[in-house]
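S.K.: What follows is entry_31.cif; its format and atoms are mmCIF, C-alpha atoms.
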data_data
#
loop_
_atom_site.label_atom_id
_atom_site.label_comp_id
_atom_site.auth_asym_id
_atom_site.auth_seq_id
_atom_site.Cartn_x
_atom_site.Cartn_y
_atom_site.Cartn_z
CA MET A 1 0.00 0.00 0.00
CA ASN A 2 1.33 3.44 -0.93
CA HIS A 3 2.00 5.83 1.90
CA PRO A 4 -0.08 9.05 1.56
CA LEU A 5 3.07 11.16 1.90
CA SER A 6 4.91 9.30 -0.88
CA THR A 7 1.83 9.63 -3.11
CA SER A 8 1.75 13.38 -2.45
CA LEU A 9 5.47 13.71 -3.16
CA ARG A 10 5.08 11.77 -6.39
CA ALA A 11 2.18 14.00 -7.48
CA ALA A 12 4.19 17.10 -6.61
CA ALA A 13 7.14 15.83 -8.62
CA ILE A 14 4.91 15.22 -11.65
CA THR A 15 3.42 18.71 -11.33
CA LEU A 16 6.88 20.29 -11.13
CA ALA A 17 8.03 18.28 -14.17
CA LEU A 18 5.05 19.52 -16.16
CA ILE A 19 5.68 23.10 -15.11
CA PHE A 20 9.37 22.78 -16.01
CA SER A 21 8.47 21.28 -19.39
CA ALA A 22 6.02 24.09 -20.19
CA SER A 23 8.54 26.69 -19.02
CA ALA A 24 11.30 25.18 -21.18
CA TRP A 25 8.97 25.14 -24.19
CA SER A 26 8.09 28.81 -23.65
CA GLN A 27 11.80 29.71 -23.56
CA GLN A 28 12.50 28.28 -27.03
CA PHE A 29 11.59 29.44 -30.54
CA ILE A 30 10.45 26.13 -32.07
CA VAL A 31 10.50 25.90 -35.87
CA SER A 32 8.83 22.91 -37.49
CA THR A 33 11.14 21.85 -40.32
CA GLY A 34 11.21 18.60 -42.33
CA ALA A 35 13.05 15.30 -42.30
CA ALA A 36 15.99 15.36 -39.87
CA GLY A 37 19.18 16.27 -41.70
CA ASN A 38 17.43 17.51 -44.84
CA THR A 39 17.44 21.05 -46.24
CA TYR A 40 14.91 22.72 -43.90
CA ASP A 41 16.30 21.07 -40.78
CA THR A 42 19.90 21.89 -41.72
CA MET A 43 19.17 25.55 -42.52
CA VAL A 44 17.33 26.09 -39.23
CA ARG A 45 20.24 24.58 -37.27
CA GLN A 46 22.68 26.89 -39.07
CA LEU A 47 20.45 29.91 -38.46
CA ALA A 48 20.27 28.93 -34.77
CA THR A 49 24.07 28.85 -34.57
CA ALA A 50 24.35 32.34 -36.10
CA CYS A 51 21.69 33.76 -33.77
CA GLN A 52 22.48 31.93 -30.53
CA SER A 53 23.75 35.04 -28.72
CA GLU A 54 21.31 37.56 -30.19
CA THR A 55 17.83 36.28 -29.37
CA ASP A 56 16.06 35.79 -26.05
CA ARG A 57 14.99 32.28 -27.03
CA PRO A 58 17.23 29.70 -28.73
CA ILE A 59 15.98 28.59 -32.15
CA ILE A 60 15.19 24.86 -32.15
CA GLY A 61 14.25 22.82 -35.21
CA LYS A 62 11.47 20.25 -34.79
CA PRO A 63 11.61 17.61 -37.58
CA SER A 64 8.41 16.71 -39.43
CA SER A 65 7.13 14.89 -42.50
CA GLY A 66 6.98 18.15 -44.47
CA SER A 67 4.89 21.21 -45.29
CA MET A 68 1.46 19.66 -44.62
CA GLU A 69 2.38 18.54 -41.11
CA ASN A 70 4.06 21.91 -40.53
CA VAL A 71 0.83 23.74 -41.39
CA ASP A 72 -1.11 21.39 -39.09
CA ARG A 73 1.27 22.23 -36.24
CA LEU A 74 0.84 25.96 -36.85
CA VAL A 75 -2.95 25.78 -37.10
CA ASN A 76 -3.10 23.81 -33.84
CA ASN A 77 -0.61 26.15 -32.11
CA VAL A 78 1.81 23.29 -31.46
CA VAL A 79 4.72 25.43 -32.72
CA PRO A 80 5.07 29.19 -33.24
CA ALA A 81 6.82 28.89 -36.62
CA ALA A 82 7.54 26.52 -39.49
CA ILE A 83 9.12 26.32 -42.94
CA VAL A 84 6.53 25.63 -45.64
CA GLN A 85 6.05 26.04 -49.38
CA THR A 86 3.81 28.93 -50.46
CA ASP A 87 1.81 26.69 -52.82
CA VAL A 88 0.95 24.42 -49.90
CA LEU A 89 -0.28 27.47 -47.98
CA THR A 90 -2.46 28.41 -50.97
CA TYR A 91 -3.83 24.87 -51.18
CA ARG A 92 -4.59 24.64 -47.45
CA SER A 93 -6.18 28.09 -47.38
CA ARG A 94 -9.02 26.64 -49.46
CA GLN A 95 -9.84 24.35 -46.53
CA ASP A 96 -8.69 26.27 -43.43
CA ASP A 97 -8.52 29.90 -42.36
CA LEU A 98 -4.81 30.70 -42.52
CA SER A 99 -5.15 34.48 -42.16
CA HIS A 100 -3.20 34.27 -38.87
CA ILE A 101 -0.19 32.66 -40.60
CA LYS A 102 2.32 35.21 -41.94
CA VAL A 103 5.73 35.12 -43.62
CA LEU A 104 8.55 36.07 -41.27
CA PHE A 105 11.11 35.84 -44.09
CA ALA A 106 11.53 34.09 -47.45
CA LEU A 107 14.18 31.45 -47.98
CA HIS A 108 15.00 29.74 -51.28
CA ALA A 109 13.06 28.80 -54.39
CA GLU A 110 12.06 25.16 -54.83
CA GLU A 111 11.79 24.13 -58.46
CA VAL A 112 9.18 21.81 -59.94
CA HIS A 113 10.75 18.75 -61.61
CA VAL A 114 8.57 16.83 -64.09
CA LEU A 115 10.36 13.61 -65.05
CA ALA A 116 9.54 11.10 -67.81
CA LEU A 117 11.28 8.19 -69.51
CA SER A 118 13.44 9.19 -72.48
CA GLU A 119 12.47 6.12 -74.49
CA THR A 120 8.75 6.87 -74.32
CA ARG A 121 8.72 9.84 -76.61
CA LYS A 122 5.21 8.66 -77.43
CA VAL A 123 2.70 6.96 -75.17
CA GLY A 124 -0.27 4.95 -76.30
CA GLY A 125 -0.74 3.52 -79.75
CA ILE A 126 1.31 0.55 -81.00
CA ALA A 127 5.13 0.50 -80.98
CA GLY A 128 5.17 4.24 -80.33
CA PHE A 129 2.87 5.11 -83.24
CA GLY A 130 -0.52 6.70 -82.85
CA GLY A 131 0.17 7.98 -79.36
CA THR A 132 0.71 11.47 -77.97
CA ALA A 133 4.27 12.78 -77.72
CA LEU A 134 5.40 13.70 -74.22
CA ASP A 135 7.28 16.87 -75.06
CA THR A 136 5.97 19.23 -72.35
CA ILE A 137 3.85 19.01 -69.22
CA ALA A 138 0.82 19.93 -71.35
CA ASP A 139 1.07 16.51 -73.04
CA LEU A 140 0.25 14.83 -69.73
CA ARG A 141 -3.46 15.63 -70.04
CA ASP A 142 -5.47 12.58 -68.90
CA ARG A 143 -2.19 10.79 -68.03
CA LYS A 144 -1.01 9.54 -64.65
CA VAL A 145 1.53 11.63 -62.75
CA GLY A 146 3.13 10.22 -59.62
CA ALA A 147 4.04 12.40 -56.64
CA TRP A 148 4.80 12.02 -52.91
CA GLY A 149 4.97 14.11 -49.77
CA GLY A 150 4.48 17.84 -50.28
CA SER A 151 4.95 17.31 -54.02
CA PHE A 152 1.55 15.59 -54.05
CA ILE A 153 0.01 18.93 -53.05
CA THR A 154 2.10 20.79 -55.62
CA ALA A 155 0.90 18.39 -58.31
CA GLN A 156 -2.71 19.05 -57.31
CA VAL A 157 -2.23 22.82 -57.39
CA ILE A 158 -0.53 22.73 -60.80
CA ARG A 159 -3.21 20.41 -62.17
CA LEU A 160 -5.95 22.83 -61.13
CA GLN A 161 -4.19 26.11 -61.99
CA SER A 162 -2.83 25.02 -65.37
CA GLU A 163 -6.09 23.29 -66.36
CA ILE A 164 -4.04 20.47 -67.90
CA GLY A 165 -6.07 17.85 -66.09
CA PHE A 166 -3.62 15.02 -65.48
CA ASN A 167 -4.39 12.39 -62.83
CA VAL A 168 -2.25 12.56 -59.70
CA VAL A 169 -1.19 9.25 -58.16
CA GLU A 170 0.09 9.46 -54.57
CA LEU A 171 3.23 7.42 -53.91
CA PRO A 172 5.23 6.90 -50.68
CA ASP A 173 8.63 8.21 -51.87
CA GLU A 174 10.97 8.72 -54.83
CA ALA A 175 12.03 5.06 -54.86
CA ALA A 176 8.42 4.00 -55.34
CA GLY A 177 8.04 6.78 -57.90
CA LEU A 178 10.96 5.57 -60.02
CA LYS A 179 9.66 2.00 -59.86
CA ALA A 180 6.22 3.15 -60.99
CA LEU A 181 7.76 5.15 -63.85
CA ASN A 182 9.94 2.24 -64.95
CA ASP A 183 6.95 -0.11 -64.78
CA LYS A 184 4.94 2.43 -66.81
CA SER A 185 2.17 2.49 -64.19
CA VAL A 186 2.60 6.28 -64.27
CA ASP A 187 3.60 8.41 -67.27
CA ALA A 188 5.63 10.99 -65.33
CA LEU A 189 6.77 12.01 -61.86
CA LEU A 190 6.40 15.46 -60.30
CA SER A 191 8.77 16.44 -57.52
CA VAL A 192 9.31 19.88 -55.99
CA GLY A 193 12.56 20.71 -54.25
CA GLY A 194 15.61 22.93 -54.40
CA SER A 195 17.69 22.17 -57.48
CA PRO A 196 19.81 20.15 -57.77
CA GLN A 197 17.88 17.37 -56.08
CA ALA A 198 20.23 14.59 -55.01
CA TRP A 199 18.04 11.73 -56.23
CA VAL A 200 17.63 13.34 -59.68
CA GLN A 201 21.41 13.80 -59.90
CA ARG A 202 21.81 10.04 -59.50
CA LEU A 203 19.73 9.27 -62.62
CA ASP A 204 21.09 8.57 -66.10
CA ARG A 205 19.81 9.57 -69.54
CA LYS A 206 17.14 6.93 -69.44
CA PHE A 207 15.15 9.78 -67.88
CA ARG A 208 14.44 13.34 -69.00
CA LEU A 209 12.83 16.49 -67.65
CA LEU A 210 9.65 17.79 -69.29
CA PRO A 211 9.55 21.59 -69.64
CA ILE A 212 6.68 23.76 -68.45
CA ALA A 213 6.11 25.96 -71.48
CA GLU A 214 5.59 29.71 -71.20
CA GLY A 215 1.84 29.51 -71.82
CA ASP A 216 1.29 27.00 -69.02
CA ALA A 217 3.69 28.86 -66.71
CA GLY A 218 1.62 32.00 -67.28
CA LYS A 219 -1.42 30.28 -65.78
CA LEU A 220 0.61 29.50 -62.67
CA LYS A 221 2.12 32.95 -62.06
CA SER A 222 -0.19 33.88 -59.18
CA ILE A 223 1.43 31.10 -57.11
CA TYR A 224 4.72 30.20 -58.83
CA ARG A 225 7.62 32.07 -60.38
CA PRO A 226 9.53 31.15 -63.60
CA ALA A 227 12.65 29.01 -63.14
CA LYS A 228 15.06 26.81 -65.10
CA LEU A 229 16.61 23.41 -64.43
CA SER A 230 19.99 22.05 -65.51
CA TYR A 231 21.22 18.52 -64.91
CA GLY A 232 24.40 17.43 -66.64
CA ASN A 233 23.71 13.78 -65.87
CA LEU A 234 20.51 14.04 -67.94
CA GLY A 235 22.19 16.09 -70.68
CA GLN A 236 19.70 18.92 -70.15
CA THR A 237 20.32 22.60 -69.42
CA GLY A 238 17.98 25.55 -69.07
CA VAL A 239 14.79 23.49 -68.97
CA PRO A 240 11.87 25.92 -68.34
CA THR A 241 9.86 25.20 -65.21
CA VAL A 242 8.30 27.05 -62.27
CA ALA A 243 9.26 27.32 -58.60
CA THR A 244 7.50 27.86 -55.31
CA ASP A 245 9.11 29.65 -52.37
CA ALA A 246 10.18 27.98 -49.15
CA VAL A 247 9.27 30.50 -46.46
CA LEU A 248 9.58 30.66 -42.69
CA VAL A 249 6.11 31.49 -41.46
CA ALA A 250 4.81 32.21 -37.97
CA ARG A 251 1.54 32.73 -36.18
CA ASP A 252 0.55 36.39 -36.16
CA TYR A 253 1.31 37.05 -32.49
CA LYS A 254 0.32 40.38 -30.93
CA THR A 255 1.45 40.00 -27.32
CA PRO A 256 4.72 41.84 -26.52
CA GLY A 257 6.84 38.81 -25.63
CA LEU A 258 5.88 36.68 -28.62
CA SER A 259 5.94 39.53 -31.13
CA ALA A 260 9.41 40.50 -29.84
CA MET A 261 10.52 36.90 -30.41
CA LEU A 262 9.44 37.12 -34.07
CA SER A 263 11.06 40.52 -34.58
CA GLN A 264 14.34 39.38 -33.03
CA THR A 265 14.46 36.29 -35.23
CA ARG A 266 13.79 38.23 -38.42
CA PHE A 267 16.32 40.90 -37.49
CA CYS A 268 18.97 38.26 -36.79
CA PHE A 269 18.26 36.50 -40.09
CA GLU A 270 18.68 39.76 -42.02
CA ARG A 271 21.81 40.71 -40.09
CA HIS A 272 23.55 37.36 -40.61
CA LEU A 273 22.40 36.34 -44.10
CA VAL A 274 25.74 37.14 -45.77
CA GLU A 275 27.57 35.28 -43.00
CA LEU A 276 25.30 32.26 -43.52
CA GLN A 277 26.01 32.38 -47.24
CA GLU A 278 29.77 32.63 -46.84
CA THR A 279 30.40 30.20 -43.98
CA PRO A 280 32.16 27.11 -45.42
CA GLY A 281 30.10 23.97 -45.06
CA ASN A 282 26.74 25.74 -44.78
CA HIS A 283 23.90 24.48 -46.93
CA PRO A 284 24.28 25.58 -50.61
CA LYS A 285 20.69 26.84 -50.72
CA TRP A 286 21.75 29.84 -48.59
CA GLN A 287 23.39 31.13 -51.79
CA THR A 288 19.98 31.64 -53.41
CA VAL A 289 18.33 33.41 -50.46
CA SER A 290 17.72 37.12 -51.03
CA LEU A 291 16.27 39.85 -48.83
CA GLU A 292 14.63 41.24 -51.98
CA THR A 293 12.39 38.19 -52.51
CA GLN A 294 8.70 39.08 -52.38
CA PRO A 295 6.90 35.91 -51.28
CA LYS A 296 3.45 35.12 -52.64
CA TRP A 297 1.92 35.15 -49.16
CA PRO A 298 1.31 38.04 -46.68
CA ARG A 299 4.26 39.15 -44.54
CA TYR A 300 4.27 39.44 -40.77
CA THR A 301 4.00 43.01 -39.47
CA ALA A 302 4.93 43.77 -35.87
CA PRO A 303 2.06 45.31 -33.87
CA SER A 304 4.07 48.49 -33.18
CA ALA A 305 6.47 50.62 -35.23
CA PRO A 306 9.43 48.42 -36.30
CA VAL A 307 12.45 48.93 -34.08
CA ALA A 308 15.69 46.92 -34.23
CA PRO A 309 15.01 44.39 -31.44
CA THR A 310 17.26 44.20 -28.42
CA SER A 311 18.13 40.78 -27.06
CA ARG A 312 18.47 40.05 -23.36
CA ALA A 313 22.24 39.74 -23.74
CA THR A 314 22.47 43.08 -25.53
CA ALA A 315 20.29 44.75 -22.91
CA LYS A 316 22.52 43.49 -20.08
CA ALA A 317 25.65 44.72 -21.83
CA ARG A 318 24.08 48.14 -22.41
CA THR A 319 23.01 48.40 -18.74
CA LYS A 320 26.50 47.49 -17.57
CA ALA A 321 28.08 50.08 -19.88
CA GLU A 322 25.77 52.76 -18.57
#
Please express the file's structure as structure tokens.
M.R.:
Amino acid sequence: MNHPLSTSLRAAAITLALIFSASAWSQQFIVSTGAAGNTYDTMVRQLATACQSETDRPIIGKPSSGSMENVDRLVNNVVPAAIVQTDVLTYRSRQDDLSHIKVLFALHAEEVHVLALSETRKVGGIAGFGGTALDTIADLRDRKVGAWGGSFITAQVIRLQSEIGFNVVELPDEAAGLKALNDKSVDALLSVGGSPQAWVQRLDRKFRLLPIAEGDAGKLKSIYRPAKLSYGNLGQTGVPTVATDAVLVARDYKTPGLSAMLSQTRFCFERHLVELQETPGNHPKWQTVSLETQPKWPRYTAPSAPVAPTSRATAKARTKAE
């Protein structure tokens, strides 16, 4: 039989642990990223290193399955911030009210890769005759296009916006996608990600990229921006496509402490961007980040006049000097 005192002590210990956990959570700026070790996760860790002495809360990356889970975490207030693709925000805004989600700063462009087999210049018909040539994405009308992860959402958005009307087949990953393409159970794959994508670089000339022609790209301009792809392993350079932006978004906080946290993080990002780009070993996508990028989603505006935020460390140093 448990002694009443030991039971009380145990309950008190649990209560203190919960309080400590909540306190620790409130003292960190949690950013929902992506798969551990991948682009989003790596860039957040490198940003955290640059900003570790300049913000009141350390920046901590929280791995996830991708943009859809990141939006779920934001909507449910599980995290204050996340990296997502702007086309995923557009897609989700048709289902959920995302007016409280704002861009803190834009990161890099993520290009749309549409991949087909080189040998199937024509599909359908007999021995390649009587079918439709797969020369551009427009030729995929009524065909099957495989996609996975956040790319499944991108494929849906492009299908609707371009009015091409291909059929999107959801697959678990790129390995399953390549198998489906080789087996001809899909006619093409659609993958969105910062170029060069490692798995595409491993392919040979059995595969080729389908361009997104100017006319189709024009129908996508409200969400995507023009881009080009070059892969020496495929023997292709300057292939026209479109890109979505990877952006760090946050909930539109108004309270002083939380809004200061957002302002400090943005200020530190802007202050250290060149350092992040020039530090040897940092992720190559930092090279494509620009403060001039205008993301296709509303920006966060601090509730008061913008002032260069002062971190706790800076405030202490200033007090000591005075």
S.K.: Between atom CA of Glu292 of chain A and atom CA of Ser99 of chain A, what is the distance in Å, rounded to a tenth?
M.R.: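 Here the two named atoms are 23.1 Å from each other.
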S.K.: Take the PyMOL selection byres ((chain A and resi 111) around 10), apply it to the structure above, and return the hits as a ChimeraX atom specification.
M.R.: /A:108-110,112-114,191-197,224-229,241-245
S.K.: Just the selected residues (C-alpha atoms), exported as a compact mmCIF listing (two decimals), in the coordinates of the input, please.
M.R.:
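Output (again_35.txt):
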# COMPACT_ATOMS: atom_id res chain seq x y z
CA HIS A 108 15.00 29.74 -51.28
CA ALA A 109 13.06 28.80 -54.39
CA GLU A 110 12.06 25.16 -54.83
CA VAL A 112 9.18 21.81 -59.94
CA HIS A 113 10.75 18.75 -61.61
CA VAL A 114 8.57 16.83 -64.09
CA SER A 191 8.77 16.44 -57.52
CA VAL A 192 9.31 19.88 -55.99
CA GLY A 193 12.56 20.71 -54.25
CA GLY A 194 15.61 22.93 -54.40
CA SER A 195 17.69 22.17 -57.48
CA PRO A 196 19.81 20.15 -57.77
CA GLN A 197 17.88 17.37 -56.08
CA TYR A 224 4.72 30.20 -58.83
CA ARG A 225 7.62 32.07 -60.38
CA PRO A 226 9.53 31.15 -63.60
CA ALA A 227 12.65 29.01 -63.14
CA LYS A 228 15.06 26.81 -65.10
CA LEU A 229 16.61 23.41 -64.43
CA THR A 241 9.86 25.20 -65.21
CA VAL A 242 8.30 27.05 -62.27
CA ALA A 243 9.26 27.32 -58.60
CA THR A 244 7.50 27.86 -55.31
CA ASP A 245 9.11 29.65 -52.37
S.K.: Using all atoms of segment 285-297 of chain A that appear in the file, construct an axis-aligned enclosing box with 8 Å of padding on every side and provide its centre coordinates and edge lengths in Å, rounded to one decimal, as lines of an AutoDock Vina configuration file.
M.R.:
center_x = 12.7
center_y = 34.0
center_z = -51.0
size_x = 37.5
size_y = 30.4
size_z = 20.8
S.K.: Go through segment 192-303 of chain A and flag each residue having an atom no more than 9 Å from segment 31-51 of chain A; for those, report the closest pair of atoms plus their distance in Å to one decimal, using all atoms listed in the file, ordered by chain and rising number, as CSV.
M.R.:
residue,atom,partner,partner_atom,distance
A:Gly194,CA,A:Thr39,CA,8.6
A:Ala246,CA,A:Tyr40,CA,8.8
A:Leu248,CA,A:Val31,CA,8.4
A:Ala250,CA,A:Val31,CA,8.8
A:Thr265,CA,A:Cys51,CA,7.8
A:Cys268,CA,A:Cys51,CA,6.1
A:Phe269,CA,A:Leu47,CA,7.1
A:His272,CA,A:Ala50,CA,6.8
A:Leu273,CA,A:Leu47,CA,8.8
A:Glu275,CA,A:Ala50,CA,8.2
A:Leu276,CA,A:Leu47,CA,7.4
A:Asn282,CA,A:Gln46,CA,7.1
A:His283,CA,A:Met43,CA,6.6
A:Lys285,CA,A:Thr39,CA,8.0
A:Trp286,CA,A:Met43,CA,7.9
S.K.: Please measure the separation of atom CA of Gln28 of chain A and atom CA of Asp56 of chain A, giving the value in Å to one decimal.
M.R.: 8.4 Å
S.K.: How many Å separate atom CA of Lys206 of chain A from atom CA of Gln236 of chain A?
M.R.: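 Atom CA of Lys206 of chain A sits 12.3 Å away from atom CA of Gln236 of chain A.
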S.K.: Please evaluate the PyMOL selection byres ((chain A and resi 30) around 8) against the structure above and give the resulting residues as a PyMOL selection string.
M.R.: chain A and resi 28-29+31-32+59-62+79-82
S.K.: Using the chain letters and numbers from the file, give me the residues hit by the PyMOL selection byres ((chain A and resi 170) around 12), as a list in words.
M.R.: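 Expected selection for the PyMOL selection byres ((chain A and resi 170) around 12) here is Lys144, Val145, Gly146, Ala147, Trp148, Gly149, Gly150, Ser151, Phe152, Ile153, Thr154, Ala155, Gln156, Asn167, Val168, Val169, Leu171, Pro172, Asp173, Glu174, Ala176, Gly177, Ala180, Val186, Leu189, Leu190 and Ser191 of chain A.
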S.K.: Need to verify the contact set: Ser230 of chain A, 10 Å, only C-alpha atoms, exclusion of same-chain residues closer than 4 positions in sequence. Can you return it as a ChimeraX atom specification?
M.R.: /A:195-196,209,234-240
S.K.: Compile the contact shell of Val75 of chain A as a ChimeraX atom specification: residues with an atom at most 10 Å away, counting only C-alpha atoms, same-chain residues fewer than 2 positions apart removed.
M.R.: /A:69-73,77-80,96-98,100-101,251
S.K.: Any idea what's packed within 9 Å of Leu220 of chain A, counting only C-alpha atoms, ignoring anything in its chain fewer than 6 positions away? Could you give it as a PyMOL selection string?
M.R.: chain A and resi 157-158+161-162+242
S.K.: For Pro211 of chain A, which residue out of A:Leu134, A:Leu89, A:Leu291, A:Ile164 is the nearest one, using only C-alpha atoms?
M.R.: A:Leu134
S.K.: Hey, which of A:Lys254, A:Lys184, A:Arg299, A:Arg159 ends up closest to Arg266 of chain A? Count all atoms listed in the file.
M.R.: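 Of all the options, A:Arg299 lies closest to Arg266 of chain A.
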S.K.: Just checking: using all atoms listed in the file, which residue out of A:Asp139, A:Glu119, A:Glu270, A:Asp252 ends up closest to Ala106 of chain A?
M.R.: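 Looking at the shortest contact to Ala106 of chain A, the residue is A:Glu270.
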